[in-house]
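Scroll down for the structure; my scribbles are underneath it.
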Amino acid sequence: MKSFIPCFALLRTLLERSDHYVMEHGQRFHVDESHNHIHSRHVLHYTKEILVRQDNVKPYDILLASLGAVLHDVSDPKYIPDTAPALRHAVESVLPWNLHSSVGADLQRMLPHLSFSKTVRREGYRLRYTLPDAMQTFPHLDSYHAVRQADLLSSYNTKRTLLYRMHKSNLTKSREDVLDEARELYRRRMALLRPSGMFLHHDIDDALARPLETEATRRWRTAPTVFPTWETMVDHFDMDPNEPFEKTVDDLEQLLETR
């Protein structure tokens, strides 16, 4: 087993460094809020909520999943053309050199295989998840699935879809067109997550995904046909978790101490 002694002493420092890195990375590459440090903090929050529901998760996997949650979009090809160098630079910038061959190597192996487009395909009215070949022998699947499912949970927040569509079109599309695109994506993807069994454990599906799905559906049901401004449209669908980043890190530290 890989040594997890550094986890207890360095978790907060590593998460704060990762968060700062993602913030600067987003500014450098003009990453909008749908995929910048704000989104990464939300994925970290959901990752923590998943980890606390897993009795057998190991300390090393808590560290790996937590860092993976914050760094998971630093090599997103929607924003970064050279994905592998971007990920390597992030890992080497955040981690001390003595963790490059362990935590760093695992992050570089895990993070390229989290995206929905690479792991899920639509089959009729259902979605099918397939574990990528590169992950078949990965020894830390608890970490991998925690981050992957946390990212799925964050997708219920339609605000993210709207922000990305606004960014991608540079506001050249009308609010009605952007809303229609978001509605279609929700219908074809987010609305199918739970019916398709995308969440691997009942408590994650029932305690985390179900309330988010219910609230997201309510937002769509109560949305007006036309919003007067971009701001009112985005605000209507805002489902950001209210938990501060510092509270999430506190909870993760406490979780480590109990494992």
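Letters A, B, ... go to the chains of the structure tokens in the order shown; residues in each chain start at 1; ligands are counted from 1 in the same order.
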
Can you tell me, as a PDB file with C-alpha atoms, in the first residue's frame, what residues are no more than 8 Å from Thr248 in chain A when counting only C-alpha atoms, ignoring any on the same chain fewer than 3 positions away?
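Listed below is the output, result_13.pdb:
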```pdb
ATOM      1  CA  LEU A  44     -14.976  18.784  -4.266  1.00  0.00           C
ATOM      2  CA  HIS A  45     -18.068  19.307  -2.105  1.00  0.00           C
ATOM      3  CA  LYS A  48     -16.702  14.761   0.051  1.00  0.00           C
ATOM      4  CA  GLU A 243     -21.025  25.139   1.570  1.00  0.00           C
ATOM      5  CA  PRO A 244     -17.849  27.270   1.717  1.00  0.00           C
ATOM      6  CA  PHE A 245     -14.616  25.772   0.402  1.00  0.00           C
ATOM      7  CA  ASP A 251     -14.794  17.977   6.725  1.00  0.00           C
ATOM      8  CA  LEU A 252     -12.260  16.142   4.568  1.00  0.00           C
TER       9      LEU A 252
END
```

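For Pro77 in chain A, the non-local neighbours within 12 Å, defined as residues at least 5 positions apart in the same chain or in other chains and counting only C-alpha atoms, are Phe29, Val31, His35, His72, Asp82, Thr83, Ala84, Pro85, Ala86, Leu87, Pro112, Ser115 and Ser117 of chain A.
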
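We find CA of Tyr164 in chain A and CA of Leu107 in chain A to be spaced 25.4 Å apart.
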
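If you measure from each of A:Val147, A:Leu14, A:Leu99, A:Ala105 to Gly68 in chain A using only C-alpha atoms, the closest one turns out to be A:Val147.
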
### Query
When you draw a straight line from CA of His42 in chain A to CA of Asp240 in chain A, how long is it in Å?
7.3 Å

### Query
Can you tell me, as a count of residues only, what residues are no more than 8 Å from Ala146 in chain A when counting only C-alpha atoms, ignoring any on the same chain fewer than 2 positions away?
10

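Atom pair CA of Asp61 in chain A / CA of Ser18 in chain A: separated by 16.7 Å.
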
Write out as a PDB file with N, CA and C atoms, in the first residue's frame the residues lying within 10 Å of Pro224 in chain A, counting only C-alpha atoms and excluding same-chain residues fewer than 5 positions away.
```pdb
ATOM      1  N   ARG A 219     -37.043  23.523 -11.233  1.00  0.00           N
ATOM      2  CA  ARG A 219     -36.601  24.771 -11.874  1.00  0.00           C
ATOM      3  C   ARG A 219     -37.062  24.828 -13.330  1.00  0.00           C
ATOM      4  N   MET A 233     -32.288  34.738 -15.971  1.00  0.00           N
ATOM      5  CA  MET A 233     -32.326  33.361 -16.445  1.00  0.00           C
ATOM      6  C   MET A 233     -31.330  32.496 -15.686  1.00  0.00           C
ATOM      7  N   HIS A 236     -32.375  31.946 -12.025  1.00  0.00           N
ATOM      8  CA  HIS A 236     -33.494  31.011 -11.838  1.00  0.00           C
ATOM      9  C   HIS A 236     -32.996  29.577 -11.704  1.00  0.00           C
TER      10      HIS A 236
END
```

### Message
Set the distance at 12 Å and use only C-alpha atoms: which residues neighbour Asp133 in chain A once local chain neighbours fewer than 2 positions away are removed? I'd like the list as a PyMOL selection string.
### Response
chain A and resi 109-110+112-113+118-119+130-131+135-138

Write out, as a PDB file, in the first residue's frame, the residues just selected, with C-alpha atoms.
```pdb
ATOM      1  CA  ARG A 109      -3.522   8.358 -15.001  1.00  0.00           C
ATOM      2  CA  MET A 110      -7.021   8.986 -13.606  1.00  0.00           C
ATOM      3  CA  PRO A 112      -8.044  12.042 -18.469  1.00  0.00           C
ATOM      4  CA  HIS A 113     -10.733   9.349 -18.189  1.00  0.00           C
ATOM      5  CA  LYS A 118     -15.469   9.430 -23.025  1.00  0.00           C
ATOM      6  CA  THR A 119     -17.307   7.096 -20.667  1.00  0.00           C
ATOM      7  CA  THR A 130     -18.295   1.895 -19.666  1.00  0.00           C
ATOM      8  CA  LEU A 131     -15.155   1.833 -17.558  1.00  0.00           C
ATOM      9  CA  MET A 135      -8.921   2.265 -15.773  1.00  0.00           C
ATOM     10  CA  GLN A 136      -9.461  -1.488 -15.817  1.00  0.00           C
ATOM     11  CA  THR A 137      -6.325  -2.122 -13.737  1.00  0.00           C
ATOM     12  CA  PHE A 138      -6.307   1.179 -11.841  1.00  0.00           C
TER      13      PHE A 138
END
```

#### Entry: alpha helix (DSSP H) positions in range 22-57 of chain A, given as a ChimeraX atom specification
/A:22-28,37-51

File dump, residues just selected, C-alpha atoms, as a PDB file, in the first residue's frame:
```
ATOM      1  CA  VAL A  22      -7.186  26.303 -10.857  1.00  0.00           C
ATOM      2  CA  MET A  23      -8.201  29.908 -10.209  1.00  0.00           C
ATOM      3  CA  GLU A  24      -5.123  31.261 -12.016  1.00  0.00           C
ATOM      4  CA  HIS A  25      -5.468  28.621 -14.733  1.00  0.00           C
ATOM      5  CA  GLY A  26      -9.034  29.758 -15.409  1.00  0.00           C
ATOM      6  CA  GLN A  27      -7.958  33.370 -15.711  1.00  0.00           C
ATOM      7  CA  ARG A  28      -5.084  32.487 -18.034  1.00  0.00           C
ATOM      8  CA  HIS A  37     -12.399  27.025  -9.732  1.00  0.00           C
ATOM      9  CA  ILE A  38     -16.006  27.657  -8.681  1.00  0.00           C
ATOM     10  CA  HIS A  39     -17.124  24.471 -10.400  1.00  0.00           C
ATOM     11  CA  SER A  40     -14.119  22.575  -9.012  1.00  0.00           C
ATOM     12  CA  ARG A  41     -15.091  23.601  -5.480  1.00  0.00           C
ATOM     13  CA  HIS A  42     -18.579  22.261  -6.074  1.00  0.00           C
ATOM     14  CA  VAL A  43     -17.191  18.958  -7.363  1.00  0.00           C
ATOM     15  CA  LEU A  44     -14.976  18.784  -4.266  1.00  0.00           C
ATOM     16  CA  HIS A  45     -18.068  19.307  -2.105  1.00  0.00           C
ATOM     17  CA  TYR A  46     -19.923  16.460  -3.819  1.00  0.00           C
ATOM     18  CA  THR A  47     -16.818  14.264  -3.707  1.00  0.00           C
ATOM     19  CA  LYS A  48     -16.702  14.761   0.051  1.00  0.00           C
ATOM     20  CA  GLU A  49     -20.397  13.905   0.336  1.00  0.00           C
ATOM     21  CA  ILE A  50     -19.741  10.672  -1.570  1.00  0.00           C
ATOM     22  CA  LEU A  51     -16.646   9.740   0.443  1.00  0.00           C
TER      23      LEU A  51
END
```

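Remark: for Leu64 in chain A, the closest of the candidate residues A:Pro228, A:Pro81, A:Ser34, A:Pro139 is A:Pro139 (distances computed over only C-alpha atoms).
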
#### Entry: Which residue of A:Arg53, A:Leu200, A:Arg88, A:Glu123 approaches His100 in chain A most closely, using only C-alpha atoms
A:Arg88

### Task
Could you give me, as a list of chain:residue names, the residues within 8 Å of range 182-187 of chain A, counting only C-alpha atoms and dropping anything in the same chain fewer than 4 positions from it?
A:Thr158, A:Thr161, A:Leu162, A:Arg165, A:Val178, A:Ala191, A:Leu192, A:Trp220

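Residue nearest Val103 in chain A within the list A:Ile80, A:Leu63, A:Leu71, A:Val249: A:Leu63 [criterion: smallest interatomic distance, only C-alpha atoms].
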
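Nearest residue to Arg188 in chain A among A:Pro96, A:Val234, A:Arg126, A:His201 is A:Arg126, counting only C-alpha atoms.
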